[in-house]
$ cat my_file_28.txt   # compact mmCIF, N, CA and C atoms
# COMPACT_ATOMS: atom_id res chain seq x y z
N MET A 13 7.32 5.88 -14.36
CA MET A 13 6.80 5.64 -13.03
C MET A 13 5.48 4.87 -13.16
N GLN A 14 5.35 3.83 -12.36
CA GLN A 14 4.15 3.00 -12.41
C GLN A 14 3.02 3.65 -11.62
N ASP A 15 1.79 3.21 -11.88
CA ASP A 15 0.62 3.77 -11.21
C ASP A 15 0.74 3.70 -9.69
N TRP A 16 1.18 2.56 -9.16
CA TRP A 16 1.27 2.43 -7.70
C TRP A 16 2.29 3.39 -7.13
N GLU A 17 3.36 3.68 -7.87
CA GLU A 17 4.35 4.64 -7.41
C GLU A 17 3.77 6.05 -7.39
N GLN A 18 2.98 6.38 -8.40
CA GLN A 18 2.32 7.68 -8.44
C GLN A 18 1.32 7.82 -7.31
N THR A 19 0.61 6.73 -7.00
CA THR A 19 -0.36 6.75 -5.90
C THR A 19 0.35 6.98 -4.58
N LEU A 20 1.47 6.29 -4.33
CA LEU A 20 2.22 6.49 -3.10
C LEU A 20 2.79 7.91 -3.02
N GLU A 21 3.20 8.46 -4.15
CA GLU A 21 3.69 9.83 -4.18
C GLU A 21 2.57 10.81 -3.81
N PHE A 22 1.37 10.57 -4.36
CA PHE A 22 0.20 11.39 -4.04
C PHE A 22 -0.12 11.32 -2.55
N LEU A 23 -0.13 10.10 -1.99
CA LEU A 23 -0.41 9.94 -0.57
C LEU A 23 0.65 10.65 0.28
N GLY A 24 1.90 10.56 -0.15
CA GLY A 24 2.99 11.24 0.56
C GLY A 24 2.80 12.75 0.59
N LYS A 25 2.32 13.31 -0.51
CA LYS A 25 2.06 14.75 -0.57
C LYS A 25 0.89 15.15 0.32
N ASN A 26 0.08 14.16 0.68
CA ASN A 26 -1.07 14.43 1.55
C ASN A 26 -0.82 13.97 2.99
N GLY A 27 0.45 13.85 3.36
CA GLY A 27 0.81 13.59 4.74
C GLY A 27 0.95 12.14 5.15
N TRP A 28 0.78 11.20 4.22
CA TRP A 28 0.89 9.78 4.54
C TRP A 28 2.33 9.32 4.35
N SER A 29 2.86 8.57 5.28
CA SER A 29 4.14 7.88 5.09
C SER A 29 3.80 6.42 4.79
N TYR A 30 4.71 5.72 4.16
CA TYR A 30 4.39 4.35 3.76
C TYR A 30 5.59 3.43 3.86
N ALA A 31 5.28 2.16 3.91
CA ALA A 31 6.29 1.10 3.87
C ALA A 31 5.65 -0.09 3.16
N TYR A 32 6.45 -0.83 2.43
CA TYR A 32 5.94 -2.05 1.81
C TYR A 32 7.02 -3.11 1.78
N VAL A 33 6.55 -4.35 1.76
CA VAL A 33 7.47 -5.49 1.79
C VAL A 33 6.86 -6.63 0.98
N LYS A 34 7.68 -7.35 0.29
CA LYS A 34 7.22 -8.53 -0.44
C LYS A 34 7.35 -9.73 0.47
N CYS A 35 6.27 -10.48 0.62
CA CYS A 35 6.25 -11.67 1.46
C CYS A 35 6.16 -12.90 0.55
N ILE A 36 6.85 -13.95 0.91
CA ILE A 36 6.84 -15.18 0.12
C ILE A 36 6.35 -16.32 1.00
N ASP A 37 5.30 -16.99 0.55
CA ASP A 37 4.78 -18.17 1.25
C ASP A 37 5.50 -19.37 0.63
N LEU A 38 6.47 -19.89 1.33
CA LEU A 38 7.27 -20.99 0.80
C LEU A 38 6.48 -22.27 0.61
N GLU A 39 5.50 -22.51 1.46
CA GLU A 39 4.69 -23.73 1.33
C GLU A 39 3.81 -23.69 0.09
N LYS A 40 3.17 -22.55 -0.14
CA LYS A 40 2.25 -22.41 -1.28
C LYS A 40 2.96 -21.96 -2.55
N GLY A 41 4.15 -21.39 -2.40
CA GLY A 41 4.87 -20.89 -3.57
C GLY A 41 4.26 -19.63 -4.15
N THR A 42 3.65 -18.81 -3.29
CA THR A 42 3.02 -17.58 -3.76
C THR A 42 3.63 -16.36 -3.08
N ASP A 43 3.47 -15.23 -3.73
CA ASP A 43 3.94 -13.96 -3.18
C ASP A 43 2.75 -13.14 -2.73
N ALA A 44 2.99 -12.24 -1.80
CA ALA A 44 2.00 -11.27 -1.37
C ALA A 44 2.76 -10.02 -0.98
N TYR A 45 2.09 -8.89 -1.04
CA TYR A 45 2.71 -7.63 -0.69
C TYR A 45 2.00 -7.02 0.51
N TYR A 46 2.77 -6.69 1.53
CA TYR A 46 2.28 -6.06 2.73
C TYR A 46 2.59 -4.58 2.59
N VAL A 47 1.55 -3.75 2.59
CA VAL A 47 1.72 -2.31 2.46
C VAL A 47 1.06 -1.65 3.66
N SER A 48 1.77 -0.70 4.26
CA SER A 48 1.27 0.04 5.41
C SER A 48 1.41 1.52 5.12
N ILE A 49 0.34 2.28 5.37
CA ILE A 49 0.43 3.73 5.28
C ILE A 49 0.01 4.30 6.63
N ARG A 50 0.60 5.44 6.98
CA ARG A 50 0.35 6.03 8.29
C ARG A 50 0.34 7.56 8.18
N ARG A 51 -0.60 8.15 8.90
CA ARG A 51 -0.65 9.61 9.02
C ARG A 51 -1.14 9.91 10.43
N GLY A 52 -0.25 10.44 11.25
CA GLY A 52 -0.60 10.69 12.65
C GLY A 52 -0.96 9.38 13.33
N GLU A 53 -2.14 9.33 13.93
CA GLU A 53 -2.61 8.13 14.61
C GLU A 53 -3.28 7.13 13.66
N GLN A 54 -3.54 7.55 12.42
CA GLN A 54 -4.19 6.69 11.44
C GLN A 54 -3.17 5.72 10.86
N ARG A 55 -3.56 4.46 10.77
CA ARG A 55 -2.69 3.45 10.15
C ARG A 55 -3.56 2.47 9.38
N LEU A 56 -3.23 2.28 8.12
CA LEU A 56 -3.96 1.36 7.26
C LEU A 56 -2.98 0.33 6.71
N ILE A 57 -3.42 -0.93 6.66
CA ILE A 57 -2.57 -2.03 6.21
C ILE A 57 -3.33 -2.87 5.18
N SER A 58 -2.60 -3.33 4.17
CA SER A 58 -3.19 -4.20 3.17
C SER A 58 -2.20 -5.31 2.81
N LEU A 59 -2.71 -6.51 2.63
CA LEU A 59 -1.91 -7.64 2.17
C LEU A 59 -2.61 -8.19 0.93
N ARG A 60 -1.97 -8.04 -0.22
CA ARG A 60 -2.58 -8.43 -1.51
C ARG A 60 -1.56 -9.16 -2.38
N PRO A 61 -2.05 -9.85 -3.42
CA PRO A 61 -1.14 -10.61 -4.31
C PRO A 61 -0.18 -9.73 -5.12
N THR A 62 -0.56 -8.48 -5.38
CA THR A 62 0.35 -7.60 -6.11
C THR A 62 0.48 -6.28 -5.36
N LEU A 63 1.59 -5.62 -5.59
CA LEU A 63 1.84 -4.33 -4.95
C LEU A 63 0.80 -3.30 -5.42
N ALA A 64 0.47 -3.33 -6.69
CA ALA A 64 -0.51 -2.38 -7.23
C ALA A 64 -1.87 -2.54 -6.54
N GLU A 65 -2.30 -3.78 -6.33
CA GLU A 65 -3.59 -4.03 -5.66
C GLU A 65 -3.58 -3.52 -4.22
N ALA A 66 -2.49 -3.76 -3.52
CA ALA A 66 -2.39 -3.33 -2.13
C ALA A 66 -2.43 -1.80 -2.03
N VAL A 67 -1.66 -1.14 -2.88
CA VAL A 67 -1.63 0.33 -2.86
C VAL A 67 -2.98 0.90 -3.25
N ARG A 68 -3.62 0.33 -4.27
CA ARG A 68 -4.94 0.81 -4.71
C ARG A 68 -5.97 0.69 -3.57
N ALA A 69 -5.97 -0.43 -2.88
CA ALA A 69 -6.93 -0.64 -1.79
C ALA A 69 -6.71 0.39 -0.69
N LEU A 70 -5.46 0.64 -0.32
CA LEU A 70 -5.18 1.61 0.73
C LEU A 70 -5.51 3.03 0.29
N SER A 71 -5.25 3.31 -0.97
CA SER A 71 -5.56 4.64 -1.49
C SER A 71 -7.05 4.92 -1.41
N HIS A 72 -7.86 3.94 -1.77
CA HIS A 72 -9.31 4.10 -1.69
C HIS A 72 -9.75 4.34 -0.25
N LEU A 73 -9.17 3.59 0.69
CA LEU A 73 -9.51 3.78 2.10
C LEU A 73 -9.07 5.16 2.60
N ALA A 74 -7.87 5.58 2.23
CA ALA A 74 -7.36 6.87 2.69
C ALA A 74 -8.20 8.01 2.14
N VAL A 75 -8.55 7.94 0.86
CA VAL A 75 -9.33 9.00 0.24
C VAL A 75 -10.75 9.03 0.79
N SER A 76 -11.37 7.86 0.96
CA SER A 76 -12.74 7.83 1.48
C SER A 76 -12.78 8.28 2.94
N GLY A 77 -11.73 8.02 3.69
CA GLY A 77 -11.68 8.45 5.08
C GLY A 77 -11.45 9.93 5.23
N ALA A 78 -10.90 10.58 4.19
CA ALA A 78 -10.65 12.02 4.24
C ALA A 78 -11.88 12.83 3.92
N ALA A 79 -12.86 12.17 3.32
CA ALA A 79 -14.06 12.92 2.90
C ALA A 79 -14.99 13.19 4.06
$ encode --input "my_file_28.txt" --output "structure tokens"
Amino acid sequence: MQDWEQTLEFLGKNGWSYAYVKCIDLEKGTDAYYVSIRRGEQRLISLRPTLAEAVRALSHLAVSGAA
């Protein structure tokens, strides 16, 4: 299991649901990952070049918001 998968599993155990999608910019020839996590009325979204970066950014936001 990769780090980002473990992070999403951890968030899931703490009440967050998630969705992610790979986006392709055909003009630039680049990929980006759109990740959304939600818990109740809270919703956080990240668009980053890698799935790991997107999940890490959201995890930091979710954890800092819980404190």
$ residues_around --input "my_file_28.txt" --residues "range 53-64 of chain A" --least-positions-apart "6" --cutoff "6 Å" --atoms "only C-alpha atoms" --output "list in words"
Trp16, Ala44, Tyr45, Tyr46 and Val47 of chain A
$ atom_distance --input "my_file_28.txt" --atom1 "atom C of Trp28 in chain A" --atom2 "atom C of Thr42 in chain A"
26.8 Å
$ atom_distance --input "my_file_28.txt" --atom1 "CA of Val75 in chain A" --atom2 "CA of Cys35 in chain A"
25.9 Å
$ residues_near_point --input "my_file_28.txt" --point "(-1.9, 8.0, -2.5)" --cutoff "8 Å" --atoms "all atoms listed in the file" --output "list in words"
Trp16, Glu17, Gln18, Thr19, Leu20, Glu21, Phe22, Leu23, Gly24, Lys25, Asn26, Trp28, Val67, Leu70, Ser71, His72, Ala74 and Val75 of chain A
$ atom_distance --input "my_file_28.txt" --atom1 "atom N of Arg68 in chain A" --atom2 "atom C of Gln14 in chain A"
10.4 Å
$ axis_aligned_box --input "my_file_28.txt" --around "range 60-75 of chain A" --padding-each-side "3 Å" --output "lines of an AutoDock Vina configuration file"
center_x = -4.5
center_y = -0.8
center_z = -2.3
size_x = 18.6
size_y = 25.6
size_z = 15.9
